[in-house]
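Q: File entry_4.csv follows (CSV, C-alpha atoms and all ligand atoms):
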```csv
chain,number,residue,atom,x,y,z
A,17,MET,CA,-16.0,27.7,11.4
A,18,GLU,CA,-13.6,27.2,8.5
A,19,VAL,CA,-12.6,23.5,8.1
A,20,LYS,CA,-8.9,22.8,7.6
A,21,ARG,CA,-8.0,20.4,4.8
A,22,ALA,CA,-4.9,18.3,4.5
A,23,LYS,CA,-3.1,18.0,1.2
A,24,ILE,CA,-0.2,15.9,-0.1
A,25,THR,CA,2.7,18.3,-0.8
A,26,ALA,CA,5.5,15.7,-1.7
A,27,VAL,CA,5.9,12.1,-2.6
A,28,GLY,CA,9.0,9.8,-2.1
A,29,HIS,CA,9.7,6.2,-2.7
A,30,TYR,CA,12.2,3.4,-2.2
A,31,LEU,CA,12.6,0.2,-4.3
A,32,PRO,CA,15.3,-2.4,-3.8
A,33,GLU,CA,17.5,-2.9,-6.9
A,34,ASP,CA,17.2,-6.7,-7.0
A,35,ARG,CA,14.5,-8.0,-9.4
A,36,LEU,CA,12.8,-11.4,-9.0
A,37,THR,CA,11.1,-12.2,-12.3
A,38,ASN,CA,8.4,-14.8,-13.0
A,39,HIS,CA,11.1,-16.7,-14.9
A,40,ASP,CA,13.3,-16.7,-11.7
A,41,LEU,CA,10.3,-18.1,-9.8
A,42,GLU,CA,9.8,-20.9,-12.4
A,43,LYS,CA,13.1,-22.3,-11.1
A,44,MET,CA,12.0,-22.1,-7.5
A,45,VAL,CA,8.4,-23.5,-7.5
A,46,ASP,CA,6.0,-25.3,-9.9
A,47,THR,CA,4.7,-22.2,-11.7
A,48,ASN,CA,5.1,-20.4,-15.0
A,49,ASP,CA,5.3,-16.9,-16.3
A,50,GLU,CA,2.0,-17.2,-18.2
A,51,TRP,CA,0.0,-18.4,-15.2
A,52,ILE,CA,1.3,-15.5,-13.1
A,53,ARG,CA,0.8,-12.9,-15.7
A,54,THR,CA,-2.7,-13.9,-16.7
A,55,ARG,CA,-3.9,-14.6,-13.1
A,56,THR,CA,-2.3,-11.5,-11.4
A,57,GLY,CA,-0.7,-9.1,-13.9
A,58,ILE,CA,2.7,-9.4,-12.2
A,59,LYS,CA,5.9,-9.8,-14.3
A,60,GLU,CA,8.5,-9.1,-11.7
A,61,ARG,CA,8.9,-7.8,-8.1
A,62,ARG,CA,11.7,-6.2,-6.1
A,63,ILE,CA,13.4,-8.0,-3.2
A,64,LEU,CA,15.5,-6.3,-0.5
A,65,LYS,CA,18.4,-8.7,-0.2
A,66,ASP,CA,20.7,-6.9,2.3
A,67,SER,CA,20.4,-8.8,5.5
A,68,ASP,CA,21.0,-5.7,7.6
A,69,LYS,CA,18.2,-3.7,6.0
A,70,ALA,CA,14.4,-4.0,6.5
A,71,THR,CA,11.1,-2.2,6.5
A,72,ALA,CA,12.4,0.9,8.5
A,73,PHE,CA,15.3,1.4,6.1
A,74,MET,CA,13.0,1.5,3.1
A,75,GLY,CA,10.5,3.7,4.9
A,76,ALA,CA,13.2,6.2,5.9
A,77,GLU,CA,14.6,6.4,2.4
A,78,ALA,CA,11.1,7.1,1.0
A,79,ALA,CA,10.6,9.7,3.7
A,80,LYS,CA,13.9,11.4,3.0
A,81,GLU,CA,13.1,11.7,-0.6
A,82,ALA,CA,9.7,13.3,0.1
A,83,LEU,CA,11.3,15.8,2.5
A,84,GLU,CA,14.1,16.7,0.1
A,85,GLN,CA,11.6,17.3,-2.7
A,86,ARG,CA,9.7,19.8,-0.6
A,87,GLY,CA,12.8,21.3,1.1
A,88,VAL,CA,11.5,20.5,4.5
A,89,ASP,CA,13.9,19.9,7.4
A,90,PRO,CA,13.2,16.6,9.3
A,91,GLU,CA,13.0,18.6,12.5
A,92,GLU,CA,9.8,20.3,11.3
A,93,ILE,CA,7.9,17.0,11.2
A,94,ASP,CA,5.3,16.8,13.9
A,95,LEU,CA,4.1,13.2,13.3
A,96,ILE,CA,5.0,10.0,11.5
A,97,VAL,CA,2.2,7.5,10.8
A,98,LEU,CA,3.5,4.3,9.2
A,99,GLY,CA,1.5,1.4,7.8
A,100,THR,CA,3.1,-2.0,7.7
A,101,VAL,CA,2.6,-5.7,8.3
A,102,THR,CA,6.3,-6.4,8.3
A,103,PRO,CA,7.7,-4.2,11.1
A,104,ASP,CA,11.4,-4.5,11.9
A,105,TYR,CA,10.4,-5.8,15.4
A,106,LEU,CA,7.0,-6.5,17.0
A,107,PHE,CA,8.0,-3.5,19.1
A,108,PRO,CA,9.3,-0.8,19.2
A,109,ALA,CA,7.3,0.7,16.3
A,110,THR,CA,9.0,0.9,13.0
A,111,ALA,CA,7.8,4.5,12.8
A,112,CYS,CA,10.1,5.3,15.7
A,113,LEU,CA,13.0,3.7,13.9
A,114,VAL,CA,12.3,5.8,10.9
A,115,GLN,CA,12.1,8.9,13.1
A,116,LYS,CA,15.6,8.2,14.3
A,117,LYS,CA,17.0,7.4,10.9
A,118,ILE,CA,15.7,10.6,9.3
A,119,GLY,CA,16.4,12.9,12.3
A,120,ALA,CA,12.8,13.9,12.9
A,121,LYS,CA,13.5,14.5,16.5
A,122,ASN,CA,10.4,16.7,17.2
A,123,ALA,CA,7.9,14.2,15.8
A,124,PHE,CA,5.9,11.5,17.6
A,125,ALA,CA,5.6,8.3,15.7
A,126,PHE,CA,3.4,5.2,15.6
A,127,ASP,CA,2.6,2.2,13.4
A,128,LEU,CA,-0.7,1.2,12.1
A,129,SER,CA,-1.6,-2.3,11.1
A,130,ALA,CA,-4.2,-2.6,8.3
A,131,ALA,CA,-2.4,-4.8,5.8
A,132,CYS,CA,-3.0,-3.8,2.2
A,133,SER,CA,-5.2,-0.9,3.4
A,134,GLY,CA,-2.4,0.3,5.7
A,135,PHE,CA,-1.6,3.4,3.6
A,136,LEU,CA,-5.2,4.5,3.3
A,137,TYR,CA,-5.8,4.1,7.0
A,138,ALA,CA,-2.5,6.0,7.7
A,139,LEU,CA,-3.4,8.8,5.3
A,140,SER,CA,-6.8,9.2,6.8
A,141,THR,CA,-5.3,9.3,10.4
A,142,GLY,CA,-2.5,11.7,9.4
A,143,ALA,CA,-5.0,14.0,7.6
A,144,MET,CA,-7.1,14.3,10.8
A,145,TYR,CA,-4.2,15.6,12.8
A,146,ILE,CA,-3.8,18.4,10.1
A,147,GLU,CA,-7.5,19.0,10.0
A,148,SER,CA,-7.8,19.4,13.8
A,149,GLY,CA,-4.8,21.7,13.8
A,150,ARG,CA,-2.8,19.4,16.1
A,151,ALA,CA,0.0,18.9,13.5
A,152,LYS,CA,1.3,21.1,10.7
A,153,LYS,CA,3.6,18.6,8.9
A,154,VAL,CA,2.9,14.8,8.9
A,155,LEU,CA,4.8,12.1,7.2
A,156,VAL,CA,2.6,9.2,6.1
A,157,ILE,CA,4.6,6.1,5.1
A,158,GLY,CA,3.6,2.7,3.6
A,159,THR,CA,6.5,0.2,3.7
A,160,ASP,CA,6.7,-3.6,3.6
A,161,LYS,CA,9.5,-6.1,3.3
A,162,MET,CA,7.1,-8.9,2.3
A,163,SER,CA,9.9,-11.2,1.3
A,164,SER,CA,10.6,-11.6,5.0
A,165,ILE,CA,7.3,-13.4,5.5
A,166,LEU,CA,7.1,-15.3,2.3
A,167,ASP,CA,7.5,-19.1,2.0
A,168,PHE,CA,9.4,-19.4,-1.2
A,169,THR,CA,8.3,-23.0,-1.5
A,170,ASP,CA,4.5,-22.1,-1.6
A,171,ARG,CA,3.6,-21.1,-5.2
A,172,THR,CA,0.2,-19.8,-4.1
A,173,THR,CA,1.7,-16.9,-2.2
A,174,CYS,CA,5.4,-16.3,-3.0
A,175,ILE,CA,4.6,-15.1,-6.5
A,176,LEU,CA,2.3,-12.3,-5.4
A,177,PHE,CA,4.4,-10.0,-3.2
A,178,GLY,CA,7.4,-7.7,-3.4
A,179,ASP,CA,9.3,-5.2,-1.2
A,180,GLY,CA,9.1,-1.4,-1.4
A,181,ALA,CA,8.1,1.8,0.3
A,182,GLY,CA,6.4,5.1,-0.4
A,183,ALA,CA,5.9,8.2,1.7
A,184,VAL,CA,3.9,11.4,1.4
A,185,LEU,CA,4.2,14.7,3.3
A,186,LEU,CA,0.9,16.2,4.5
A,187,GLU,CA,0.4,19.9,5.1
A,188,GLU,CA,-2.6,22.2,5.5
A,189,SER,CA,-4.1,23.2,2.2
A,190,ASP,CA,-4.7,26.8,1.4
A,191,ASP,CA,-6.1,26.4,-2.1
A,192,GLY,CA,-9.1,24.0,-1.8
A,193,THR,CA,-7.2,21.0,-2.9
A,194,GLY,CA,-6.4,18.0,-0.6
A,195,ILE,CA,-8.3,15.2,1.1
A,196,ILE,CA,-12.0,15.7,0.7
A,197,ASP,CA,-13.7,12.5,1.7
A,198,GLN,CA,-12.9,9.0,3.0
A,199,ARG,CA,-14.7,5.7,3.7
A,200,LEU,CA,-12.9,3.1,5.6
A,201,TYR,CA,-14.3,-0.4,6.6
A,202,SER,CA,-13.2,-3.4,8.6
A,203,GLU,CA,-14.7,-6.9,9.0
A,204,GLY,CA,-12.9,-9.2,11.4
A,205,ASP,CA,-11.9,-12.3,9.6
A,206,GLU,CA,-12.2,-15.2,12.1
A,207,GLU,CA,-11.7,-17.7,9.3
A,208,CYS,CA,-8.1,-16.3,8.9
A,209,SER,CA,-8.3,-16.3,5.1
A,210,LEU,CA,-5.2,-14.0,5.0
A,211,TYR,CA,-2.8,-14.0,7.9
A,212,GLN,CA,0.6,-14.9,9.4
A,213,PRO,CA,-0.3,-17.7,11.9
A,214,ALA,CA,2.7,-17.4,14.3
A,215,GLY,CA,4.9,-14.8,15.9
A,216,GLY,CA,2.2,-13.0,17.8
A,217,SER,CA,1.0,-13.5,21.4
A,218,LEU,CA,-1.4,-16.4,20.4
A,219,ASN,CA,1.3,-18.5,18.8
A,220,PRO,CA,4.6,-17.2,19.9
A,221,ALA,CA,7.7,-18.5,18.1
A,222,THR,CA,8.7,-22.1,19.0
A,223,LYS,CA,10.6,-24.8,17.2
A,224,GLU,CA,7.3,-26.2,16.1
A,225,THR,CA,6.0,-23.0,14.6
A,226,VAL,CA,9.2,-22.6,12.7
A,227,GLU,CA,9.2,-26.2,11.5
A,228,ASN,CA,5.5,-25.9,10.4
A,229,MET,CA,6.3,-22.7,8.4
A,230,GLN,CA,3.8,-20.7,10.5
A,231,HIS,CA,5.8,-17.5,10.3
A,232,TYR,CA,4.8,-16.9,6.6
A,233,VAL,CA,1.8,-15.5,4.8
A,234,ARG,CA,-1.1,-17.9,4.4
A,235,GLN,CA,-4.0,-17.0,2.1
A,236,ASP,CA,-7.1,-18.6,0.8
A,237,GLY,CA,-6.7,-16.8,-2.5
A,238,ARG,CA,-10.1,-17.6,-3.9
A,239,SER,CA,-12.2,-16.4,-1.0
A,240,VAL,CA,-10.0,-13.2,-0.5
A,241,PHE,CA,-10.3,-12.6,-4.3
A,242,LYS,CA,-14.1,-12.6,-4.1
A,243,LYS,CA,-14.3,-10.3,-1.1
A,244,ALA,CA,-11.6,-7.9,-2.5
A,245,THR,CA,-13.3,-7.6,-5.8
A,246,LEU,CA,-16.6,-6.7,-4.2
A,247,GLY,CA,-15.2,-4.5,-1.4
A,248,MET,CA,-12.9,-2.4,-3.6
A,249,ALA,CA,-15.5,-1.8,-6.3
A,250,ASP,CA,-18.3,-1.1,-3.9
A,251,VAL,CA,-16.4,1.5,-1.8
A,252,SER,CA,-15.0,3.2,-4.9
A,253,LEU,CA,-18.5,3.6,-6.3
A,254,GLU,CA,-19.7,4.8,-2.9
A,255,ILE,CA,-17.1,7.5,-2.7
A,256,MET,CA,-18.0,8.7,-6.2
A,257,GLU,CA,-21.7,8.8,-5.4
A,258,ARG,CA,-21.2,10.6,-2.0
A,259,ASN,CA,-19.3,13.3,-3.8
A,260,ASN,CA,-21.5,13.5,-6.9
A,261,LEU,CA,-18.6,12.4,-9.1
A,262,GLU,CA,-19.4,11.2,-12.6
A,263,PRO,CA,-16.8,9.0,-14.4
A,264,GLU,CA,-15.7,12.0,-16.5
A,265,ASP,CA,-15.0,14.0,-13.3
A,266,VAL,CA,-12.4,11.4,-12.0
A,267,ALA,CA,-8.9,12.0,-13.4
A,268,TRP,CA,-7.3,8.9,-11.8
A,269,LEU,CA,-8.1,5.8,-9.9
A,270,VAL,CA,-5.1,4.8,-7.7
A,271,PRO,CA,-5.9,1.2,-6.7
A,272,HIS,CA,-4.1,-1.1,-4.3
A,273,GLN,CA,-2.0,-3.4,-6.6
A,274,ALA,CA,-3.0,-7.0,-5.5
A,275,ASN,CA,-4.3,-8.4,-8.7
A,276,LEU,CA,-5.0,-6.8,-12.1
A,277,ARG,CA,-8.4,-8.5,-12.3
A,278,ILE,CA,-9.5,-6.9,-9.1
A,279,ILE,CA,-8.3,-3.5,-10.4
A,280,ASP,CA,-10.1,-4.0,-13.7
A,281,ALA,CA,-13.4,-4.9,-11.9
A,282,THR,CA,-13.1,-1.7,-9.8
A,283,ALA,CA,-12.4,0.5,-12.8
A,284,ARG,CA,-15.3,-1.0,-14.7
A,285,ARG,CA,-17.7,-0.5,-11.8
A,286,MET,CA,-16.7,3.2,-11.6
A,287,GLY,CA,-17.1,3.6,-15.4
A,288,LEU,CA,-13.5,4.5,-15.9
A,289,SER,CA,-11.4,3.7,-19.0
A,290,ASN,CA,-8.0,2.0,-18.5
A,291,GLU,CA,-6.1,5.2,-19.3
A,292,LYS,CA,-7.4,6.6,-16.0
A,293,VAL,CA,-6.1,3.8,-13.8
A,294,MET,CA,-2.6,3.7,-12.3
A,295,ILE,CA,-1.1,0.2,-12.7
A,296,ASN,CA,2.4,-0.8,-11.8
A,297,ILE,CA,1.7,-4.3,-10.4
A,298,ASP,CA,3.6,-5.7,-13.4
A,299,LYS,CA,6.9,-4.2,-12.1
A,300,TYR,CA,6.6,-4.5,-8.3
A,301,GLY,CA,3.9,-7.1,-7.4
A,302,ASN,CA,1.9,-6.5,-4.3
A,303,THR,CA,4.0,-4.4,-1.9
A,304,THR,CA,1.2,-4.3,0.6
A,305,ALA,CA,1.2,-0.9,2.4
A,306,ALA,CA,3.4,0.6,-0.3
A,307,THR,CA,1.4,0.1,-3.5
A,308,ILE,CA,-0.6,3.3,-3.4
A,309,PRO,CA,2.2,5.8,-2.7
A,310,LEU,CA,4.4,3.9,-5.2
A,311,CYS,CA,1.8,4.6,-7.8
A,312,LEU,CA,1.6,8.3,-6.8
A,313,TYR,CA,5.3,8.5,-7.2
A,314,ASP,CA,5.4,6.8,-10.6
A,315,TRP,CA,2.7,9.1,-11.9
A,316,LYS,CA,3.6,12.3,-10.2
A,317,ASP,CA,4.7,14.1,-13.4
A,318,LYS,CA,1.4,13.3,-15.0
A,319,LEU,CA,-0.8,14.6,-12.2
A,320,ASN,CA,-2.3,18.1,-12.6
A,321,HIS,CA,-3.2,20.5,-9.8
A,322,GLY,CA,-6.8,20.1,-9.0
A,323,ASP,CA,-7.2,16.6,-10.5
A,324,ASN,CA,-9.9,14.5,-8.8
A,325,ILE,CA,-8.2,11.3,-7.6
A,326,VAL,CA,-9.7,8.2,-5.9
A,327,LEU,CA,-7.5,5.9,-3.9
A,328,ALA,CA,-8.9,2.5,-3.1
A,329,ALA,CA,-7.6,-0.6,-1.3
A,330,PHE,CA,-8.6,-4.0,0.2
A,331,GLY,CA,-6.5,-6.1,2.5
A,332,GLY,CA,-6.2,-8.5,5.3
A,333,GLY,CA,-8.2,-7.9,8.5
A,334,PHE,CA,-10.4,-7.6,6.5
A,335,THR,CA,-9.9,-3.9,5.9
A,336,TRP,CA,-10.8,-1.7,2.9
A,337,GLY,CA,-11.7,1.8,1.9
A,338,ALA,CA,-11.4,4.7,-0.5
A,339,ILE,CA,-10.2,8.3,-0.2
A,340,TYR,CA,-11.2,11.1,-2.5
A,341,LEU,CA,-8.7,13.9,-2.9
A,342,LYS,CA,-7.9,16.8,-5.2
A,343,TRP,CA,-4.2,16.8,-6.2
A,344,GLY,CA,-2.5,19.7,-4.6
A,345,ILE,CA,1.0,19.8,-6.0
A,346,LYS,CA,1.6,22.4,-8.8
A,401,LIG,N1,1.4,-21.3,-10.6
A,401,LIG,C1,0.7,-22.2,-11.2
A,401,LIG,N2,-0.5,-22.7,-10.7
A,401,LIG,C2,-0.9,-22.2,-9.5
A,401,LIG,C3,-0.2,-21.2,-8.8
A,401,LIG,C4,1.0,-20.7,-9.4
A,401,LIG,N3,1.8,-19.8,-8.8
A,401,LIG,N4,-0.9,-20.9,-7.7
A,401,LIG,C5,-2.0,-21.6,-7.7
A,401,LIG,N5,-2.0,-22.4,-8.8
A,401,LIG,C6,-3.1,-23.4,-9.2
A,401,LIG,C7,-3.9,-23.8,-8.0
A,401,LIG,O1,-3.3,-24.9,-7.3
A,401,LIG,C8,-5.2,-24.2,-8.7
A,401,LIG,O2,-5.0,-25.5,-9.2
A,401,LIG,P1,-6.3,-26.5,-9.2
A,401,LIG,O3,-7.4,-25.9,-10.0
A,401,LIG,O4,-5.7,-27.8,-9.8
A,401,LIG,O5,-6.6,-26.7,-7.7
A,401,LIG,C9,-5.3,-23.2,-9.9
A,401,LIG,O6,-4.0,-22.7,-10.1
A,401,LIG,C10,-6.2,-22.1,-9.6
A,401,LIG,O7,-6.0,-21.6,-8.3
A,401,LIG,P2,-6.9,-20.4,-7.7
A,401,LIG,O8,-6.4,-20.1,-6.3
A,401,LIG,O9,-8.3,-20.6,-7.9
A,401,LIG,O10,-6.4,-19.2,-8.6
A,401,LIG,P3,-7.0,-17.7,-8.7
A,401,LIG,O11,-7.5,-17.5,-10.1
A,401,LIG,O12,-8.0,-17.4,-7.6
A,401,LIG,O13,-5.7,-16.9,-8.5
A,401,LIG,C11,-4.7,-15.5,-6.7
A,401,LIG,C12,-5.0,-16.9,-7.3
A,401,LIG,C13,-3.9,-14.8,-7.7
A,401,LIG,C14,-4.0,-15.6,-5.4
A,401,LIG,C15,-6.1,-14.8,-6.5
A,401,LIG,O14,-7.0,-15.6,-5.9
A,401,LIG,C16,-5.9,-13.5,-5.8
A,401,LIG,O15,-5.4,-12.5,-6.3
A,401,LIG,N6,-6.5,-13.4,-4.6
A,401,LIG,C17,-6.7,-12.1,-3.8
A,401,LIG,C18,-5.4,-11.6,-3.4
A,401,LIG,C19,-5.6,-10.3,-2.6
A,401,LIG,O16,-6.3,-9.4,-3.1
A,401,LIG,N7,-5.2,-10.3,-1.4
A,401,LIG,C20,-5.6,-9.1,-0.5
A,401,LIG,C21,-4.5,-8.2,-0.4
A,401,LIG,S1,-3.0,-8.9,0.2
A,401,LIG,C22,-2.8,-8.2,1.9
A,401,LIG,O17,-3.7,-7.7,2.5
A,401,LIG,C23,-1.5,-8.5,2.5
```
Just give me the structure as C-alpha cells.
Ligand code: ACO

A:
Amino acid sequence: MEVKRAKITAVGHYLPEDRLTNHDLEKMVDTNDEWIRTRTGIKERRILKDSDKATAFMGAEAAKEALEQRGVDPEEIDLIVLGTVTPDYLFPATACLVQKKIGAKNAFAFDLSAACSGFLYALSTGAMYIESGRAKKVLVIGTDKMSSILDFTDRTTCILFGDGAGAVLLEESDDGTGIIDQRLYSEGDEECSLYQPAGGSLNPATKETVENMQHYVRQDGRSVFKKATLGMADVSLEIMERNNLEPEDVAWLVPHQANLRIIDATARRMGLSNEKVMINIDKYGNTTAATIPLCLYDWKDKLNHGDNIVLAAFGGGFTWGAIYLKWGIK
C-alpha cells in the first residue's frame, strides 16, 4: 500500500510591531544588554501591546497569510491544530477562536499543550491526519503571547521571551517531499522546573495567587538548560542516524530558539556549520510555540525544493523532539 506523506505548502507569520530591547529592560530590572546577549543571544523581542488582542489574533493573522500565499479558501481547511501555552482562555480552545476569525467553517479545531515543543507536536499530529487520508488541508499554528505570563520584575525570566505566531499549511505530497520521520519525547517534570504555578485546577486564581505572582512563568534556568542542551542535541542526532543522514546531507537545522548556547551545542553535535542553522533569537527572543514556524518564514526564500531539513525543540513538560522533512515548496 502506498503511504501518503504530508508536506508544508505555505508558511505565514505574525509579529507585533512593538519592540522591547535589552536596553529597555535595563530600565525595568537589574540586568544589562551584555549579560542578556552573551547568555542567551537575544537583543530584542516583540510585545503585543493592544489590550484587546491576544494569542488567537496572532495565530489567525499568521494563518491568513499562509492561506493567501497558497490561494486556499479558508472553507477548504479540514483541521486546525494549534500549539500554545498562552491560550486566550483556559477554554474554549484558541484553535476554535482562530477558526472563527479566519472563516474556516468546515474545519474542526483543537489546541495542544507542549510548551516550546508545541509546534513540533502539532506538526506531527497534523501530518498524521493527512497521512491517514482523514484530512486534505490542515493548518498547523504555533502562537504565544508570552508577555501575558511574564513577571516584568523577575530578571531571570522576563528577558527570555517574546510574542509572535507562525502557521503552516499541510497538504498531501505528490513529489516525494514532505515529512519523513519524527521522534517525540516527554518526561513529566514533577520538580516543576518550568511552569506557571496558578490558574489551573490545582491552584485556581485567588487573591493570594495573584499577590504571590503565581500566574507567571517560573523557571529553574540552570537545570532546564542542562536538560534542554542534552535533549535537543540527542534527538537531533538520533533523527540523523535513523535516516542515514550525514552532516553534508542536511541543508538546514531549524532549532527552537530558547538560547543560542543550546542551539550551538545541537549544531555541533550534528556536525553542522553555523551557516546551516536558522537563528532569529536575536530579533524575537523565545516565542515558545512560534519559534520554528517563524524561522521557516524568515528563511523561506532561501529554501530549495528537496532540501533536507531537521526541526528540533525542547520545552516545558518536559517535552522534546525532532522532525525530518524534505522541503516541498518550489
Ligand atoms: N541579568 C543579569 N544577571 C542575571 C540575570 C539577568 N537577566 N538573570 C540571572 N542573572 C544572574 C543570576 O542571578 C546568577 O547570579 P549568581 O551567580 O550571583 O547567583 C547569574 O546571573 C547566573 O545565573 P544562571 O541562571 O546560572 O545563568 P545561566 O547561564 O544558566 O543563564 C538562562 C540563564 C539564560 C535562563 C539559561 O539557564 C537558559 O537558557 N535556560 C534554559 C531555557 C530553556 O531552554 N527553556 C526551555 C524552553 S522555554 C519553554 O518551554 C516555555

Q: Show me, as JSON lines, the residues of chain A having an atom within 6 Å of ligand LIG 401 (chain A), each with the closest atom pair and its distance in Å, using all atoms listed in the file.

A:
```
{"residue": "A:Thr47", "atom": "CA", "partner": "A:LIG401", "partner_atom": "N1", "distance": 3.6}
{"residue": "A:Asn48", "atom": "CA", "partner": "A:LIG401", "partner_atom": "N1", "distance": 5.8}
{"residue": "A:Trp51", "atom": "CA", "partner": "A:LIG401", "partner_atom": "C1", "distance": 5.6}
{"residue": "A:Arg55", "atom": "CA", "partner": "A:LIG401", "partner_atom": "C13", "distance": 5.4}
{"residue": "A:Thr56", "atom": "CA", "partner": "A:LIG401", "partner_atom": "C13", "distance": 5.2}
{"residue": "A:Ala131", "atom": "CA", "partner": "A:LIG401", "partner_atom": "O17", "distance": 4.6}
{"residue": "A:Cys132", "atom": "CA", "partner": "A:LIG401", "partner_atom": "O17", "distance": 4.0}
{"residue": "A:Arg171", "atom": "CA", "partner": "A:LIG401", "partner_atom": "N3", "distance": 4.2}
{"residue": "A:Thr172", "atom": "CA", "partner": "A:LIG401", "partner_atom": "N4", "distance": 3.9}
{"residue": "A:Ile175", "atom": "CA", "partner": "A:LIG401", "partner_atom": "N3", "distance": 5.9}
{"residue": "A:Gly237", "atom": "CA", "partner": "A:LIG401", "partner_atom": "O14", "distance": 3.6}
{"residue": "A:Arg238", "atom": "CA", "partner": "A:LIG401", "partner_atom": "O14", "distance": 4.2}
{"residue": "A:Val240", "atom": "CA", "partner": "A:LIG401", "partner_atom": "C17", "distance": 4.8}
{"residue": "A:Phe241", "atom": "CA", "partner": "A:LIG401", "partner_atom": "C17", "distance": 3.7}
{"residue": "A:Ala244", "atom": "CA", "partner": "A:LIG401", "partner_atom": "O16", "distance": 5.5}
{"residue": "A:Ala274", "atom": "CA", "partner": "A:LIG401", "partner_atom": "O16", "distance": 4.7}
{"residue": "A:Asn275", "atom": "CA", "partner": "A:LIG401", "partner_atom": "O15", "distance": 4.9}
{"residue": "A:Thr304", "atom": "CA", "partner": "A:LIG401", "partner_atom": "C23", "distance": 5.3}
{"residue": "A:Phe330", "atom": "CA", "partner": "A:LIG401", "partner_atom": "C21", "distance": 5.9}
{"residue": "A:Gly331", "atom": "CA", "partner": "A:LIG401", "partner_atom": "O17", "distance": 3.2}
{"residue": "A:Gly332", "atom": "CA", "partner": "A:LIG401", "partner_atom": "O17", "distance": 3.8}
```

Q: Go through stretch 283-331 of chain A residue by residue and, counting all atoms listed in the file, keep those with an atom at most 10 Å from stretch 187-210 of chain A; for each kept residue give the shortest atom pair and its distance in Å to one decimal, ordered by chain and increasing number, as a Markdown table.

A:
```
| residue | atom | partner | partner_atom | distance |
| --- | --- | --- | --- | --- |
| A:His321 | CA | A:Thr193 | CA | 8.0 |
| A:Gly322 | CA | A:Thr193 | CA | 6.2 |
| A:Asp323 | CA | A:Thr193 | CA | 8.8 |
| A:Asn324 | CA | A:Thr193 | CA | 9.2 |
| A:Ile325 | CA | A:Ile195 | CA | 9.5 |
| A:Val326 | CA | A:Gln198 | CA | 9.5 |
| A:Leu327 | CA | A:Gln198 | CA | 9.3 |
| A:Ala328 | CA | A:Arg199 | CA | 9.5 |
| A:Ala329 | CA | A:Leu200 | CA | 9.5 |
| A:Phe330 | CA | A:Tyr201 | CA | 9.3 |
| A:Gly331 | CA | A:Leu210 | CA | 8.4 |
```

Q: Which residues are near A:Gln115? Cut-off 12 Å, all atoms listed in the file, ignore same chain within fewer than 4 positions. Put them as a PDB file with C-alpha atoms, in the frame of the given file.

A:
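Writing the result to selection-v6.pdb gives the following:
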```
ATOM      1  CA  ALA A  72      12.400   0.900   8.500  1.00  0.00           C
ATOM      2  CA  PHE A  73      15.300   1.400   6.100  1.00  0.00           C
ATOM      3  CA  GLY A  75      10.500   3.700   4.900  1.00  0.00           C
ATOM      4  CA  ALA A  76      13.200   6.200   5.900  1.00  0.00           C
ATOM      5  CA  GLU A  77      14.600   6.400   2.400  1.00  0.00           C
ATOM      6  CA  ALA A  79      10.600   9.700   3.700  1.00  0.00           C
ATOM      7  CA  LYS A  80      13.900  11.400   3.000  1.00  0.00           C
ATOM      8  CA  PRO A  90      13.200  16.600   9.300  1.00  0.00           C
ATOM      9  CA  GLU A  91      13.000  18.600  12.500  1.00  0.00           C
ATOM     10  CA  GLU A  92       9.800  20.300  11.300  1.00  0.00           C
ATOM     11  CA  ILE A  93       7.900  17.000  11.200  1.00  0.00           C
ATOM     12  CA  ASP A  94       5.300  16.800  13.900  1.00  0.00           C
ATOM     13  CA  LEU A  95       4.100  13.200  13.300  1.00  0.00           C
ATOM     14  CA  ILE A  96       5.000  10.000  11.500  1.00  0.00           C
ATOM     15  CA  VAL A  97       2.200   7.500  10.800  1.00  0.00           C
ATOM     16  CA  LEU A  98       3.500   4.300   9.200  1.00  0.00           C
ATOM     17  CA  PRO A 108       9.300  -0.800  19.200  1.00  0.00           C
ATOM     18  CA  ALA A 109       7.300   0.700  16.300  1.00  0.00           C
ATOM     19  CA  THR A 110       9.000   0.900  13.000  1.00  0.00           C
ATOM     20  CA  ALA A 111       7.800   4.500  12.800  1.00  0.00           C
ATOM     21  CA  GLY A 119      16.400  12.900  12.300  1.00  0.00           C
ATOM     22  CA  ALA A 120      12.800  13.900  12.900  1.00  0.00           C
ATOM     23  CA  LYS A 121      13.500  14.500  16.500  1.00  0.00           C
ATOM     24  CA  ASN A 122      10.400  16.700  17.200  1.00  0.00           C
ATOM     25  CA  ALA A 123       7.900  14.200  15.800  1.00  0.00           C
ATOM     26  CA  PHE A 124       5.900  11.500  17.600  1.00  0.00           C
ATOM     27  CA  ALA A 125       5.600   8.300  15.700  1.00  0.00           C
ATOM     28  CA  PHE A 126       3.400   5.200  15.600  1.00  0.00           C
ATOM     29  CA  ASP A 127       2.600   2.200  13.400  1.00  0.00           C
ATOM     30  CA  VAL A 154       2.900  14.800   8.900  1.00  0.00           C
ATOM     31  CA  LEU A 155       4.800  12.100   7.200  1.00  0.00           C
ATOM     32  CA  VAL A 156       2.600   9.200   6.100  1.00  0.00           C
ATOM     33  CA  ILE A 157       4.600   6.100   5.100  1.00  0.00           C
TER      34      ILE A 157
END
```

Q: At what distance in Å, to one decimal, does atom CA of A:Glu33 lie from atom CA of A:Arg61?

A: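 Atom-to-atom, atom CA of A:Arg61 to atom CA of A:Glu33, that is 10.0 Å.
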
Q: Would you compute the distance between atom CA of A:Lys65 and atom CA of A:Thr159? Give it in Å to one decimal.

A: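 Distance between the two atoms: 15.4 Å.
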
Q: Write out as number ranges by chain the residues lying within 9 Å of A:Leu288, counting only C-alpha atoms and excluding same-chain residues fewer than 5 positions away.

A: A: 263-264, 266, 268-269, 282-283, 293

Q: Would you mind telling me which residue in A:Ser129, A:Gln85, A:Thr173, A:Ser252 lies nearest to A:Asn302 when using all atoms listed in the file?

A: A:Thr173

Q: To one decimal in Å, tell me the separation between atom CA of A:Asp314 and atom CA of A:Gly182.

A: 10.4 Å

Q: So, with all atoms listed in the file as the atoms that count, which of A:Val45, A:Ile308, A:Leu319, A:Ile146 lies closest to A:Gly344?

A: A:Leu319

Q: Counting all atoms listed in the file, which residue out of A:Ala181, A:Val114, A:Ile345, A:Leu41 sits closest to A:Met74?

A: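 Closest residue, counting all atoms listed in the file: A:Ala181.
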